[in-house]
file upload-v6.txt (compact mmCIF, C-alpha atoms and all ligand atoms)
# COMPACT_ATOMS: atom_id res chain seq x y z
CA MET J 1 25.36 4.12 2.98
CA PRO J 2 28.27 3.38 0.64
CA LEU J 3 27.02 -0.09 -0.35
CA GLN J 4 23.39 -1.04 -0.23
CA ILE J 5 21.47 -4.05 -1.50
CA ILE J 6 18.06 -2.99 -2.78
CA ARG J 7 15.18 -4.67 -4.52
CA SER J 8 14.11 -2.64 -7.52
CA ASP J 9 13.94 -2.29 -11.29
CA ILE J 10 17.27 -0.70 -12.15
CA THR J 11 15.75 1.39 -14.94
CA THR J 12 13.77 3.42 -12.39
CA LEU J 13 16.72 4.56 -10.27
CA GLU J 14 17.77 8.18 -10.13
CA VAL J 15 21.49 7.64 -9.88
CA ASP J 16 24.46 8.99 -11.80
CA ALA J 17 25.05 5.69 -13.58
CA ILE J 18 23.35 2.34 -13.92
CA VAL J 19 25.31 -0.69 -15.10
CA ASN J 20 24.02 -2.88 -17.91
CA ALA J 21 24.74 -6.62 -18.13
CA ALA J 22 25.38 -6.52 -21.86
CA ASN J 23 26.79 -8.91 -24.46
CA PRO J 24 29.97 -8.34 -26.57
CA THR J 25 28.06 -6.69 -29.45
CA LEU J 26 26.56 -4.03 -27.12
CA LEU J 27 23.56 -4.07 -29.45
CA GLY J 28 20.94 -5.07 -26.89
CA GLY J 29 19.40 -8.38 -25.87
CA GLY J 30 17.11 -9.84 -23.22
CA GLY J 31 17.17 -9.54 -19.42
CA VAL J 32 18.24 -6.27 -17.88
CA ASP J 33 19.87 -5.27 -21.20
CA GLY J 34 16.45 -5.37 -22.92
CA CYS J 35 14.83 -3.42 -20.06
CA ILE J 36 17.51 -0.71 -20.21
CA HIS J 37 17.29 -0.28 -24.00
CA ARG J 38 13.49 -0.11 -23.87
CA ALA J 39 13.54 2.50 -21.11
CA ALA J 40 16.37 4.59 -22.60
CA GLY J 41 14.87 4.74 -26.09
CA PRO J 42 16.44 4.22 -29.56
CA LYS J 43 19.20 6.79 -29.14
CA LEU J 44 20.98 4.44 -26.75
CA LEU J 45 21.29 1.82 -29.47
CA GLU J 46 22.58 4.47 -31.90
CA GLU J 47 25.38 5.38 -29.51
CA CYS J 48 26.10 1.71 -28.75
CA ARG J 49 26.56 1.00 -32.49
CA ARG J 50 29.44 3.49 -32.51
CA LEU J 51 31.29 1.77 -29.65
CA GLY J 52 32.52 -1.24 -31.62
CA GLY J 53 31.51 -3.84 -29.04
CA CYS J 54 33.12 -4.71 -25.71
CA GLU J 55 35.22 -7.61 -24.46
CA THR J 56 34.16 -9.84 -21.59
CA GLY J 57 35.27 -8.33 -18.27
CA GLN J 58 35.53 -4.81 -19.76
CA ALA J 59 33.12 -1.86 -19.67
CA LYS J 60 32.06 1.08 -21.86
CA ILE J 61 29.95 4.12 -21.06
CA THR J 62 27.10 5.92 -22.84
CA LYS J 63 24.56 8.53 -21.94
CA GLY J 64 21.31 7.47 -20.28
CA TYR J 65 18.93 9.25 -22.68
CA GLN J 66 15.34 8.76 -21.42
CA LEU J 67 16.49 6.97 -18.27
CA PRO J 68 16.53 8.84 -14.96
CA SER J 69 20.24 8.02 -14.71
CA LYS J 70 22.78 10.22 -16.46
CA TYR J 71 24.93 7.36 -17.77
CA VAL J 72 24.72 3.69 -18.63
CA ILE J 73 27.87 1.64 -18.12
CA HIS J 74 27.78 -1.46 -20.30
CA THR J 75 29.81 -4.39 -19.08
CA VAL J 76 30.01 -7.91 -20.44
CA GLY J 77 29.93 -10.65 -17.84
CA PRO J 78 31.30 -14.15 -18.39
CA ILE J 79 29.04 -17.00 -19.47
CA TRP J 80 29.10 -19.66 -16.72
CA ARG J 81 30.90 -22.76 -17.99
CA GLY J 82 31.30 -24.59 -14.71
CA GLY J 83 33.74 -22.25 -12.99
CA GLY J 84 37.01 -23.48 -14.50
CA SER J 85 37.23 -20.96 -17.33
CA GLY J 86 38.26 -17.84 -15.45
CA GLU J 87 34.67 -16.85 -14.70
CA ARG J 88 35.45 -15.45 -11.25
CA GLU J 89 38.30 -13.20 -12.50
CA LEU J 90 36.21 -11.98 -15.42
CA LEU J 91 33.21 -11.19 -13.25
CA THR J 92 35.42 -9.38 -10.73
CA SER J 93 36.89 -7.41 -13.59
CA CYS J 94 33.38 -6.35 -14.76
CA TYR J 95 32.66 -4.70 -11.39
CA ARG J 96 36.12 -3.09 -11.18
CA ALA J 97 36.12 -1.77 -14.74
CA SER J 98 32.60 -0.37 -14.30
CA LEU J 99 33.46 1.33 -11.02
CA GLN J 100 36.64 2.84 -12.50
CA LEU J 101 34.66 4.17 -15.44
CA ALA J 102 32.01 5.59 -13.11
CA GLU J 103 34.67 7.36 -11.12
CA ALA J 104 36.40 8.72 -14.22
CA HIS J 105 33.05 10.32 -15.10
CA HIS J 106 32.67 11.80 -11.60
CA CYS J 107 29.69 9.63 -10.71
CA LYS J 108 28.79 9.63 -7.03
CA THR J 109 25.97 7.07 -7.17
CA VAL J 110 26.07 3.85 -9.21
CA ALA J 111 23.63 0.94 -9.41
CA PHE J 112 24.56 -2.59 -10.52
CA PRO J 113 22.37 -5.54 -11.42
CA LEU J 114 23.75 -8.98 -10.57
CA ILE J 115 25.93 -9.34 -13.64
CA SER J 116 25.94 -12.77 -15.34
CA ALA J 117 23.37 -14.11 -12.86
CA GLY J 118 20.55 -14.37 -15.43
CA VAL J 119 20.88 -15.55 -19.03
CA TYR J 120 24.63 -16.14 -18.57
CA GLY J 121 23.90 -18.69 -15.84
CA TYR J 122 26.38 -17.73 -13.09
CA PRO J 123 25.23 -19.33 -9.79
CA LYS J 124 23.46 -16.52 -7.99
CA ASP J 125 25.00 -16.99 -4.57
CA GLN J 126 28.52 -16.90 -6.04
CA ALA J 127 27.65 -13.95 -8.29
CA LEU J 128 26.36 -12.09 -5.25
CA GLN J 129 29.49 -12.82 -3.21
CA ILE J 130 31.77 -11.60 -5.99
CA ALA J 131 29.68 -8.45 -6.43
CA LEU J 132 29.73 -7.65 -2.72
CA THR J 133 33.42 -8.28 -2.12
CA THR J 134 34.62 -6.50 -5.27
CA ILE J 135 32.46 -3.44 -4.64
CA ASP J 136 33.47 -3.41 -0.99
CA ASP J 137 37.17 -3.59 -1.92
CA PHE J 138 36.80 -0.66 -4.30
CA LEU J 139 34.94 1.43 -1.73
CA ARG J 140 37.84 1.15 0.69
CA ASP J 141 39.66 3.92 -1.17
CA HIS J 142 36.88 5.61 -3.14
CA GLU J 143 33.98 7.83 -2.06
CA LEU J 144 30.97 6.45 -3.94
CA THR J 145 27.54 5.14 -3.08
CA VAL J 146 26.84 1.83 -4.79
CA TYR J 147 23.50 0.07 -5.01
CA LEU J 148 23.39 -3.62 -5.78
CA VAL J 149 19.99 -4.20 -7.29
CA ILE J 150 18.27 -7.53 -6.81
CA PHE J 151 15.40 -7.78 -9.24
CA ASP J 152 13.90 -11.20 -8.92
CA ARG J 153 13.74 -12.18 -5.29
CA ARG J 154 12.29 -15.63 -5.96
CA SER J 155 15.44 -16.62 -7.77
CA PHE J 156 17.66 -14.96 -5.20
CA LEU J 157 19.37 -17.79 -3.37
CA LEU J 158 21.50 -16.92 -0.45
CA SER J 159 24.56 -18.96 0.28
CA GLU J 160 23.31 -21.97 2.24
CA GLN J 161 26.39 -21.88 4.40
CA LEU J 162 25.44 -18.46 5.70
CA LEU J 163 21.70 -18.87 5.81
CA SER J 164 21.01 -22.23 7.47
CA PRO J 165 22.70 -21.59 10.81
CA VAL J 166 20.95 -18.21 11.06
CA ALA J 167 17.57 -19.76 10.32
CA ALA J 168 18.14 -22.40 13.02
CA TYR J 169 19.18 -19.69 15.49
CA ILE J 170 16.06 -17.64 14.75
CA ASP J 171 13.84 -20.67 15.30
CA ALA J 172 15.51 -21.46 18.56
CA ARG J 173 15.22 -17.90 19.84
CA THR J 174 11.74 -16.93 18.71
CA ASN J 175 9.78 -20.17 19.18
CA THR J 176 10.82 -21.42 22.56
CA ALA J 177 9.03 -20.13 25.63
CA ALA J 178 12.10 -20.30 27.82
CA THR J 179 14.47 -18.07 25.93
CA PRO J 180 17.85 -17.87 27.60
CA VAL J 181 18.39 -14.76 29.64
CA PRO J 182 21.39 -12.83 28.35
CA ARG J 183 24.54 -13.34 30.34
CA ALA J 184 25.00 -10.77 33.09
CA ALA J 185 27.39 -8.04 32.19
CA VAL J 186 30.89 -8.62 33.38
CA CYS J 187 31.44 -6.19 36.21
CA GLN J 188 33.89 -3.60 35.03
CA GLY J 189 34.18 -1.86 38.34
CA LEU J 190 31.62 0.38 39.93
CA GLN J 191 33.80 3.46 39.68
CA ASP J 192 34.17 2.93 36.01
CA ARG J 193 30.41 2.75 35.55
CA LEU J 194 29.57 5.68 37.79
CA GLY J 195 32.09 7.80 35.97
CA ARG J 196 30.23 7.09 32.74
CA LEU J 197 26.67 7.62 33.91
CA ASP J 198 26.11 10.73 31.89
CA GLU J 199 27.92 9.70 28.78
CA SER J 200 25.71 10.24 25.71
CA PHE J 201 25.44 7.89 22.74
CA SER J 202 27.87 9.88 20.63
CA GLU J 203 30.33 10.33 23.49
CA MET J 204 30.36 6.62 24.20
CA LEU J 205 30.74 5.85 20.53
CA LEU J 206 33.59 8.28 19.99
CA ARG J 207 35.37 7.01 23.10
CA LYS J 208 35.10 3.43 21.91
CA ILE J 209 36.35 4.36 18.46
CA ASP J 210 39.36 6.08 20.03
CA GLU J 211 39.99 3.01 22.19
CA SER J 212 39.83 0.78 19.11
CA GLY J 213 42.64 2.75 17.43
CA MET J 214 40.69 3.08 14.16
CA THR J 215 40.69 6.36 12.23
CA ASP J 216 37.29 7.92 11.42
CA ALA J 217 37.75 6.94 7.78
CA GLN J 218 38.52 3.30 8.58
CA TYR J 219 35.62 3.20 10.98
CA CYS J 220 33.11 4.65 8.49
CA LYS J 221 34.09 2.05 5.90
CA LYS J 222 33.70 -0.74 8.40
CA ALA J 223 30.31 0.51 9.60
CA ASN J 224 29.16 1.14 6.03
CA VAL J 225 28.16 4.71 6.92
CA ASP J 226 28.67 7.97 5.17
CA ARG J 227 31.44 10.36 6.25
CA THR J 228 28.95 13.27 6.33
CA LEU J 229 26.83 11.49 8.89
CA PHE J 230 29.90 10.82 10.92
CA SER J 231 30.88 14.50 11.03
CA LYS J 232 27.42 15.14 12.47
CA ILE J 233 28.16 12.74 15.31
CA ARG J 234 31.49 14.44 15.98
CA SER J 235 29.77 17.81 16.29
CA ASP J 236 26.50 16.88 18.00
CA ARG J 237 26.77 15.46 21.50
CA LEU J 238 23.07 14.59 21.54
CA TYR J 239 22.97 12.91 18.13
CA ARG J 240 20.34 10.12 18.04
CA PRO J 241 20.83 7.44 15.37
CA SER J 242 18.21 5.07 13.94
CA LYS J 243 18.41 1.56 15.34
CA PRO J 244 20.03 -0.02 12.23
CA THR J 245 22.65 2.75 12.27
CA ALA J 246 23.33 2.32 15.98
CA ILE J 247 23.79 -1.41 15.42
CA ALA J 248 26.10 -0.81 12.46
CA PHE J 249 28.25 1.29 14.80
CA ALA J 250 28.37 -1.51 17.36
CA ILE J 251 29.21 -4.12 14.73
CA ALA J 252 32.05 -2.03 13.33
CA LEU J 253 33.53 -1.83 16.83
CA GLU J 254 33.17 -5.59 17.21
CA LEU J 255 31.38 -5.11 20.53
CA SER J 256 30.18 -8.05 22.61
CA LEU J 257 26.44 -8.55 23.09
CA GLU J 258 26.51 -6.79 26.43
CA GLU J 259 28.52 -3.86 25.10
CA THR J 260 26.12 -3.65 22.14
CA ARG J 261 23.13 -3.54 24.49
CA ASP J 262 24.86 -0.78 26.49
CA LEU J 263 25.49 1.32 23.41
CA LEU J 264 21.95 0.78 22.11
CA ARG J 265 20.44 1.78 25.44
CA LYS J 266 22.18 5.14 25.11
CA ALA J 267 20.10 5.77 22.02
CA GLY J 268 16.93 4.36 23.60
CA PHE J 269 16.99 0.95 21.86
CA SER J 270 17.14 -2.65 23.02
CA LEU J 271 17.46 -6.13 21.52
CA SER J 272 14.47 -8.39 21.90
CA HIS J 273 13.87 -12.06 21.15
CA ALA J 274 10.45 -11.14 19.78
CA SER J 275 12.05 -9.45 16.79
CA LYS J 276 13.60 -11.35 13.89
CA PHE J 277 15.88 -8.41 13.13
CA ASP J 278 17.21 -8.41 16.69
CA VAL J 279 17.73 -12.16 16.78
CA ILE J 280 19.70 -12.07 13.55
CA ILE J 281 21.92 -9.34 14.98
CA GLU J 282 22.41 -11.34 18.18
CA TYR J 283 23.36 -14.39 16.16
CA PHE J 284 26.13 -12.56 14.33
CA ILE J 285 27.46 -10.94 17.49
CA GLU J 286 27.43 -14.21 19.42
CA THR J 287 29.26 -16.01 16.64
CA ARG J 288 31.65 -13.03 16.40
CA ASN J 289 30.97 -12.50 12.71
CA TYR J 290 31.23 -8.73 12.32
CA ASN J 291 31.13 -8.66 8.53
CA ILE J 292 28.46 -6.09 7.83
CA LEU J 293 28.02 -7.27 4.25
CA GLU J 294 27.22 -10.80 5.34
CA ILE J 295 24.88 -9.49 8.01
CA ASN J 296 23.08 -7.33 5.46
CA GLU J 297 22.87 -10.25 3.07
CA VAL J 298 21.04 -12.27 5.71
CA LEU J 299 18.85 -9.35 6.83
CA PHE J 300 17.91 -8.82 3.21
CA ALA J 301 17.01 -12.49 2.78
CA PHE J 302 14.71 -12.25 5.81
CA ASP J 303 13.13 -8.99 4.58
CA GLN J 304 14.56 -6.88 7.40
CA SER J 305 16.03 -3.36 7.40
CA LEU J 306 19.71 -3.26 6.49
CA LEU J 307 22.49 -1.92 8.67
CA GLY J 308 24.18 1.39 7.95
CA ALA J 309 23.00 4.91 7.46
N1 LIG J 401 16.54 -4.40 -12.95
C1 LIG J 401 17.47 -5.02 -12.19
N2 LIG J 401 17.88 -6.27 -12.40
C2 LIG J 401 17.34 -6.94 -13.46
C3 LIG J 401 16.38 -6.36 -14.31
C4 LIG J 401 15.98 -5.03 -14.02
N3 LIG J 401 15.08 -4.39 -14.76
N4 LIG J 401 16.04 -7.29 -15.26
C5 LIG J 401 16.75 -8.40 -15.00
N5 LIG J 401 17.54 -8.20 -13.92
P1 LIG J 401 20.62 -10.84 -17.25
P2 LIG J 401 23.40 -11.75 -17.71
C6 LIG J 401 18.46 -9.11 -13.24
O1 LIG J 401 20.09 -12.08 -17.89
O2 LIG J 401 23.15 -12.99 -16.94
C7 LIG J 401 21.17 -10.31 -22.22
O3 LIG J 401 20.46 -10.87 -23.28
C8 LIG J 401 18.25 -10.58 -13.43
O4 LIG J 401 17.26 -11.06 -12.51
O5 LIG J 401 19.98 -9.56 -17.62
O6 LIG J 401 24.66 -10.99 -17.46
C9 LIG J 401 22.47 -9.65 -22.67
O7 LIG J 401 22.35 -9.03 -23.94
C10 LIG J 401 19.61 -11.14 -13.12
O8 LIG J 401 19.77 -11.34 -11.71
O9 LIG J 401 22.21 -10.66 -17.58
C11 LIG J 401 23.41 -10.79 -22.69
O10 LIG J 401 23.31 -11.54 -23.87
C12 LIG J 401 20.57 -10.01 -13.53
O11 LIG J 401 19.75 -8.87 -13.79
C13 LIG J 401 22.96 -11.64 -21.52
O12 LIG J 401 21.57 -11.34 -21.34
C14 LIG J 401 21.37 -10.31 -14.79
O13 LIG J 401 20.59 -11.08 -15.68
C15 LIG J 401 23.68 -11.26 -20.25
O14 LIG J 401 23.32 -12.17 -19.23
call {"tool": "encode", "arguments": {"input": "upload-v6.txt", "output": "structure tokens"}}
result
Amino acid sequence: MPLQIIRSDITTLEVDAIVNAANPTLLGGGGVDGCIHRAAGPKLLEECRRLGGCETGQAKITKGYQLPSKYVIHTVGPIWRGGGSGERELLTSCYRASLQLAEAHHCKTVAFPLISAGVYGYPKDQALQIALTTIDDFLRDHELTVYLVIFDRRSFLLSEQLLSPVAAYIDARTNTAATPVPRAAVCQGLQDRLGRLDESFSEMLLRKIDESGMTDAQYCKKANVDRTLFSKIRSDRLYRPSKPTAIAFAIALELSLEETRDLLRKAGFSLSHASKFDVIIEYFIETRNYNILEINEVLFAFDQSLLGA
């Protein structure tokens, strides 16, 4: 999956590069910076001393030494001063500069902490939004896998705007005895249906992608799935996805609830009101919000599997 939110200690990840939320001296500090220096050992500080510091919004790269990652990219996030001092632009620049540096060093996998969201005081929900949109933008024309690492879940606050309506929807769907029966499928013509009786999951998917006019590349980005996986689908008529992957495919096609159920059935899955994951997915489809990043943000907040492959 090109962009994934995970909960972990960044110093344990076996990726090509991890990003450090450093300060302008690059000589270590608290938070994730302290963790990275402790785990990498004293040679990291020796190399950092030779770098001559780093400006806010910029990034510099070193080796990873005793870390499982090959490189550490040090970036300096803005200190939160209320939002009127260019914080957003500087934070966006941190992610961009780090990703450009990672690419220049041929990294294929990169992990970020939530820059500025600790000691530097950036509101976590805004820091998360900036991280997600900037990384997503970059991934539109670059082949990388990026992990956004959330360390302290207790302090992870999801944007209220996104979370409250979903929470209300889940309550309504899972607690009431008389859950509404899904609307009957709009009849598309018997001939049409009979003609498609034997269509497999991958055939239906590929047909719908063709109908949508998207290229494979555009579609993969939108579904947050890897191109390699997609080639497998192109070559294997009987390909069976996992449920989160099948749903990611439906979301990227902006299918209605009924169309989503149809596609899922092809892979042997259904949507049930007894499952929080399913109700969250239904909510987003019914409200026609097909932004996979926002959906994953909410799934993450409710401790559910994320969409994608
Ligand atoms: N793995 C992943 N994320 C972590 C880890 C970890 N091991 N440890 C903390 N975080 P912060 P900043 C999260 O304060 O706000 C330092 O002193 C943490 O929960 O590390 O950019 C520097 O030297 C938070 O969400 O960085 C600077 O002076 C996020 O990492 C200053 O802090 C960033 O929190 C930089 O402050």
call {"tool": "closest_residue", "arguments": {"input": "upload-v6.txt", "among": "J:Pro241, J:Gly118, J:Pro113, J:Gly268", "to": "J:Ala17", "atoms": "only C-alpha atoms"}}
result
J:Pro113
call {"tool": "residues_near_ligand", "arguments": {"input": "upload-v6.txt", "ligand": "ligand LIG 401 (chain J)", "cutoff": "6 Å", "atoms": "only C-alpha atoms and all ligand atoms", "output": "list in words"}}
result
Asp9, Ile10, Thr11, Ala21, Ala22, Asn23, Gly28, Gly29, Gly30, Gly31, Val32, Asp33, Cys35, Gly77, Pro113, Leu114, Ile115, Ser116, Ala117, Gly118, Val119, Tyr120, Gly121, Val149, Ile150, Phe151 and Asp152 of chain J
call {"tool": "atom_distance", "arguments": {"input": "upload-v6.txt", "atom1": "atom CA of J:Gly53", "atom2": "atom CA of J:Leu27"}}
result
8.0 Å
call {"tool": "residues_around", "arguments": {"input": "upload-v6.txt", "residues": "stretch 89-94 of chain J", "least_positions_apart": "4", "cutoff": "8 Å", "atoms": "all atoms listed in the file", "output": "number ranges by chain"}}
result
J: 56-59, 75-78, 98, 115-116, 127, 130-131, 134
call {"tool": "atom_distance", "arguments": {"input": "upload-v6.txt", "atom1": "atom CA of J:Ser202", "atom2": "atom CA of J:Phe302"}}
result
29.7 Å
call {"tool": "residues_near_point", "arguments": {"input": "upload-v6.txt", "point": "(21.2, 7.1, -11.1)", "cutoff": "10 Å", "atoms": "only C-alpha atoms", "output": "short mmCIF file (atom, residue, chain, number, x, y, z; two decimals) with C-alpha atoms, in the coordinates of the input"}}
result
data_model
loop_
_atom_site.label_atom_id
_atom_site.label_comp_id
_atom_site.auth_asym_id
_atom_site.auth_seq_id
_atom_site.Cartn_x
_atom_site.Cartn_y
_atom_site.Cartn_z
CA ILE J 10 17.27 -0.70 -12.15
CA THR J 11 15.75 1.39 -14.94
CA THR J 12 13.77 3.42 -12.39
CA LEU J 13 16.72 4.56 -10.27
CA GLU J 14 17.77 8.18 -10.13
CA VAL J 15 21.49 7.64 -9.88
CA ASP J 16 24.46 8.99 -11.80
CA ALA J 17 25.05 5.69 -13.58
CA ILE J 18 23.35 2.34 -13.92
CA VAL J 19 25.31 -0.69 -15.10
CA GLY J 64 21.31 7.47 -20.28
CA LEU J 67 16.49 6.97 -18.27
CA PRO J 68 16.53 8.84 -14.96
CA SER J 69 20.24 8.02 -14.71
CA LYS J 70 22.78 10.22 -16.46
CA TYR J 71 24.93 7.36 -17.77
CA VAL J 72 24.72 3.69 -18.63
CA CYS J 107 29.69 9.63 -10.71
CA LYS J 108 28.79 9.63 -7.03
CA THR J 109 25.97 7.07 -7.17
CA VAL J 110 26.07 3.85 -9.21
CA ALA J 111 23.63 0.94 -9.41
CA VAL J 146 26.84 1.83 -4.79
CA TYR J 147 23.50 0.07 -5.01
#
call {"tool": "residues_around", "arguments": {"input": "upload-v6.txt", "residues": "J:Thr228", "least_positions_apart": "5", "cutoff": "12 Å", "atoms": "all atoms listed in the file", "output": "MDAnalysis selection string"}}
result
chainID J and resid 1:2 143 216:217 220 233:235 309
call {"tool": "write_last_selection", "arguments": {"input": "upload-v6.txt", "atoms": "C-alpha atoms", "output": "short mmCIF file (atom, residue, chain, number, x, y, z; two decimals), in the frame of the given file"}}
result
data_model
loop_
_atom_site.label_atom_id
_atom_site.label_comp_id
_atom_site.auth_asym_id
_atom_site.auth_seq_id
_atom_site.Cartn_x
_atom_site.Cartn_y
_atom_site.Cartn_z
CA MET J 1 25.36 4.12 2.98
CA PRO J 2 28.27 3.38 0.64
CA GLU J 143 33.98 7.83 -2.06
CA ASP J 216 37.29 7.92 11.42
CA ALA J 217 37.75 6.94 7.78
CA CYS J 220 33.11 4.65 8.49
CA ILE J 233 28.16 12.74 15.31
CA ARG J 234 31.49 14.44 15.98
CA SER J 235 29.77 17.81 16.29
CA ALA J 309 23.00 4.91 7.46
#
call {"tool": "atom_distance", "arguments": {"input": "upload-v6.txt", "atom1": "atom CA of J:Leu139", "atom2": "atom CA of J:Gln4"}}
result
11.9 Å
call {"tool": "residues_around", "arguments": {"input": "upload-v6.txt", "residues": "J:Lys43", "least_positions_apart": "2", "cutoff": "10 Å", "atoms": "all atoms listed in the file", "output": "list in words"}}
result
His37, Ala40, Gly41, Leu45, Glu46, Glu47, Cys48, Arg49, Lys63, Gly64, Tyr65 and Gln66 of chain J
call {"tool": "closest_residue", "arguments": {"input": "upload-v6.txt", "among": "J:Leu263, J:Ser256, J:Leu229, J:Asp303", "to": "J:Tyr283", "atoms": "all atoms listed in the file"}}
result
J:Ser256
call {"tool": "closest_residue", "arguments": {"input": "upload-v6.txt", "among": "J:Thr62, J:Ser8, J:Ser85, J:Ser200", "to": "J:Tyr239", "atoms": "all atoms listed in the file"}}
result
J:Ser200
call {"tool": "closest_residue", "arguments": {"input": "upload-v6.txt", "among": "J:Glu211, J:Glu203, J:Asp262, J:Asp136", "to": "J:Leu238", "atoms": "only C-alpha atoms"}}
result
J:Glu203
call {"tool": "closest_residue", "arguments": {"input": "upload-v6.txt", "among": "J:Leu205, J:His74, J:Leu3, J:Ala102", "to": "J:Asp137", "atoms": "all atoms listed in the file"}}
result
J:Leu3
call {"tool": "closest_residue", "arguments": {"input": "upload-v6.txt", "among": "J:Phe249, J:Phe112, J:Phe230, J:Tyr290", "to": "J:Arg96", "atoms": "only C-alpha atoms"}}
result
J:Phe112
